[in-house]
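Enquirer: Input file: start.txt. Contents: compact mmCIF, C-alpha atoms.
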# COMPACT_ATOMS: atom_id res chain seq x y z
CA MET A 22 -38.15 -24.12 14.57
CA ASN A 23 -36.60 -24.92 11.18
CA ALA A 24 -37.84 -21.64 9.69
CA ARG A 25 -36.29 -19.72 12.60
CA ASN A 26 -32.93 -21.48 12.20
CA PHE A 27 -33.05 -20.87 8.46
CA ALA A 28 -33.77 -17.15 9.01
CA ILE A 29 -30.91 -16.81 11.52
CA GLY A 30 -28.53 -18.64 9.17
CA LEU A 31 -29.58 -16.45 6.26
CA MET A 32 -29.04 -13.27 8.30
CA CYS A 33 -25.57 -14.44 9.36
CA ALA A 34 -24.65 -15.24 5.77
CA LEU A 35 -25.84 -11.84 4.56
CA LEU A 36 -24.00 -9.98 7.32
CA THR A 37 -20.80 -11.90 6.62
CA ALA A 38 -21.06 -11.24 2.89
CA CYS A 39 -21.56 -7.50 3.47
CA ASN A 40 -18.48 -7.08 5.68
CA PRO A 41 -15.39 -5.67 3.96
CA PRO A 42 -12.38 -7.96 3.71
CA PRO A 43 -9.73 -7.65 6.40
CA PRO A 44 -6.89 -5.14 5.80
CA ARG A 45 -4.17 -6.32 3.45
CA ALA A 46 -0.49 -5.99 4.15
CA VAL A 47 0.24 -5.27 0.50
CA ALA A 48 -1.77 -3.98 -2.41
CA PRO A 49 -2.32 -6.20 -5.43
CA MET A 50 0.75 -6.42 -7.61
CA ILE A 51 0.73 -4.63 -10.94
CA ALA A 52 1.57 -6.97 -13.78
CA PRO A 53 5.08 -6.42 -15.25
CA SER A 54 3.52 -5.38 -18.56
CA MET A 55 1.75 -2.50 -16.86
CA THR A 56 3.78 0.54 -16.02
CA ALA A 57 2.96 2.98 -13.30
CA SER A 58 2.46 6.56 -14.31
CA ALA A 59 4.48 9.38 -12.88
CA GLU A 60 3.84 10.06 -9.23
CA ALA A 61 0.85 12.24 -8.55
CA ALA A 62 1.37 15.44 -6.67
CA PRO A 63 0.20 15.12 -3.09
CA THR A 64 -2.72 17.28 -2.04
CA GLU A 65 -0.59 19.07 0.50
CA ALA A 66 3.09 19.77 0.82
CA PRO A 67 4.93 16.73 2.18
CA ALA A 68 6.55 16.89 5.57
CA SER A 69 10.31 17.12 5.64
CA ALA A 70 12.13 13.93 4.77
CA VAL A 71 13.14 11.61 7.58
CA THR A 72 16.08 9.27 7.33
CA SER A 73 14.90 6.88 10.04
CA GLY A 74 11.43 5.45 10.33
CA GLU A 75 12.14 2.20 12.13
CA ASP A 76 9.11 2.77 14.36
CA VAL A 77 6.72 3.54 11.48
CA PRO A 78 4.55 0.51 10.56
CA ALA A 79 4.38 1.61 6.91
CA VAL A 80 8.18 1.47 6.65
CA ALA A 81 8.27 -2.07 8.03
CA ALA A 82 5.55 -3.07 5.55
CA ALA A 83 7.39 -1.51 2.59
CA ARG A 84 10.65 -3.19 3.60
CA GLN A 85 8.85 -6.54 3.84
CA VAL A 86 7.30 -6.12 0.38
CA LEU A 87 10.64 -5.17 -1.19
CA ALA A 88 12.40 -8.05 0.57
CA GLN A 89 9.88 -10.47 -0.95
CA GLN A 90 10.18 -8.90 -4.40
CA ILE A 91 13.98 -9.05 -4.57
CA ARG A 92 14.34 -12.16 -2.38
CA THR A 93 16.37 -10.74 0.47
CA VAL A 94 15.86 -10.07 4.18
CA PRO A 95 14.27 -6.80 5.38
CA GLU A 96 17.34 -6.07 7.49
CA ALA A 97 19.39 -5.72 4.28
CA ILE A 98 17.16 -2.84 3.14
CA ARG A 99 18.03 0.73 4.12
CA VAL A 100 15.54 3.58 4.48
CA ILE A 101 16.68 6.54 2.38
CA SER A 102 13.73 8.85 2.95
CA LEU A 103 10.28 8.96 4.46
CA GLU A 104 7.76 11.69 3.64
CA ALA A 105 4.26 12.08 5.03
CA VAL A 106 1.87 12.64 2.12
CA ASP A 107 -1.89 12.94 1.62
CA TRP A 108 -2.50 10.86 -1.52
CA PRO A 109 -5.28 12.17 -3.78
CA ASP A 110 -6.98 8.78 -4.18
CA GLY A 111 -7.12 5.13 -3.17
CA CYS A 112 -4.44 4.22 -5.74
CA LEU A 113 -1.96 6.16 -3.61
CA GLY A 114 -0.98 8.21 -6.64
CA VAL A 115 0.12 5.18 -8.69
CA TYR A 116 -2.06 4.39 -11.69
CA ALA A 117 -2.31 1.38 -13.97
CA PRO A 118 -4.45 0.89 -17.08
CA GLY A 119 -7.88 -0.53 -16.30
CA VAL A 120 -7.64 0.09 -12.54
CA SER A 121 -10.23 2.34 -10.91
CA CYS A 122 -9.33 4.35 -7.83
CA ILE A 123 -11.64 5.49 -5.07
CA GLN A 124 -11.62 9.29 -4.96
CA VAL A 125 -10.77 9.94 -1.32
CA ILE A 126 -7.72 11.51 0.29
CA VAL A 127 -5.54 8.83 1.86
CA PRO A 128 -2.95 9.89 4.45
CA GLY A 129 0.27 7.96 3.97
CA TYR A 130 3.94 8.03 3.12
CA ARG A 131 6.35 8.17 0.19
CA ILE A 132 9.16 5.82 1.18
CA VAL A 133 12.47 5.47 -0.66
CA LEU A 134 14.39 2.30 0.16
CA GLU A 135 17.79 1.05 -0.98
CA ALA A 136 18.87 -2.54 -1.44
CA GLU A 137 21.72 -4.09 -3.37
CA GLY A 138 22.81 -0.65 -4.63
CA ARG A 139 19.42 0.22 -6.12
CA ARG A 140 16.68 2.60 -4.92
CA TYR A 141 12.99 1.74 -4.80
CA THR A 142 10.05 4.08 -4.17
CA TYR A 143 6.89 2.92 -2.42
CA HIS A 144 3.63 4.68 -1.62
CA THR A 145 1.74 3.51 1.46
CA ASP A 146 -1.22 4.40 3.60
CA ARG A 147 -0.50 5.65 7.12
CA GLU A 148 -0.73 2.21 8.77
CA GLY A 149 1.13 0.28 6.07
CA ARG A 150 -1.88 -1.85 5.11
CA TRP A 151 -1.49 -0.82 1.45
CA VAL A 152 1.94 -0.75 -0.13
CA VAL A 153 2.39 0.12 -3.82
CA ARG A 154 5.64 0.30 -5.73
CA ALA A 155 5.76 3.69 -7.45
CA ASP A 156 8.87 3.46 -9.59
CA PRO A 157 8.79 1.60 -12.91
CA ARG A 158 9.96 -1.98 -12.69
CA PRO A 159 13.07 -3.03 -14.60
As structure tokens, please, write out the structure in this file.
Expert:
Amino acid sequence: MNARNFAIGLMCALLTACNPPPPRAVAPMIAPSMTASAEAAPTEAPASAVTSGEDVPAVAAARQVLAQQIRTVPEAIRVISLEAVDWPDGCLGVYAPGVSCIQVIVPGYRIVLEAEGRRYTYHTDREGRWVVRADPRP
């Protein structure tokens, strides 16, 4: 009986270890010393810009990330533009030294937000699980 319990426990541990982590609301932050490169060209022409986007989960995620970064409330952040883009890789077109990117097309958005008189550009996946700031930080 002990060998059976051990085998079941071992299988559970292996299956748990092999599962991918749950989706993240934001991508890992790039250290201030690292600068993002210029935006990569999307693999297809972006859709026309949208000035709303309140019902798009990626917009809500980007607003939340910016609100945390500049210490304000998401309601104080205005959506300037929203473009549907197919990013050429898992880095969503934003590259940092020493970071590898999975080479797969990722549907998402280029979102321009405005807060406190300043504009911020974010790249996201379609669902808003990954949010990356694309403009250089001050």
Enquirer: Near Arg84 of chain A, counting all atoms listed in the file, which residues have an atom at most 12 Å away, once you skip same-chain residues fewer than 3 positions from it, shown as a PyMOL selection string?
Expert: chain A and resi 46-47+74-75+77-81+87-101+132-136+140-145+149+152-154
Enquirer: Would you place a box with edges along x, y and z of the file around all atoms of segment 117-125 of chain A listed there, add 8 Å to each of its six sides, and report the centre and edge lengths in Å to one decimal, as lines of an AutoDock Vina configuration file?
Expert:
center_x = -7.0
center_y = 4.7
center_z = -9.2
size_x = 25.3
size_y = 26.5
size_z = 31.8
Enquirer: Quick check, in Å to one decimal: how far apart do atom CA of Gly138 of chain A and atom CA of Glu104 of chain A lie?
Expert: 21.1 Å
Enquirer: What is the distance between atom CA of Leu113 of chain A and atom CA of Asp146 of chain A, in Å to one decimal?
Expert: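 For atom CA of Leu113 of chain A relative to atom CA of Asp146 of chain A, the distance reads 7.5 Å.
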Enquirer: Taking (-3.3, 12.0, 2.7) in the file's own coordinates, collect the residues within 7 Å, counting only C-alpha atoms, and hand them back as a ChimeraX atom specification.
Expert: /A:106-109,126-129
Enquirer: Hey, can you check how far atom CA of Ser102 of chain A sits from atom CA of Tyr116 of chain A?
Expert: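 That distance, rounded to one decimal, is 22.0 Å.
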Enquirer: Which of these, A:Leu103, A:Cys112, A:Arg139, A:Ile123, has the shortest distance to Trp151 of chain A once you count all atoms listed in the file?
Expert: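 Checking each of A:Leu103, A:Cys112, A:Arg139, A:Ile123 against Trp151 of chain A, counting all atoms listed in the file, the winner is A:Cys112.
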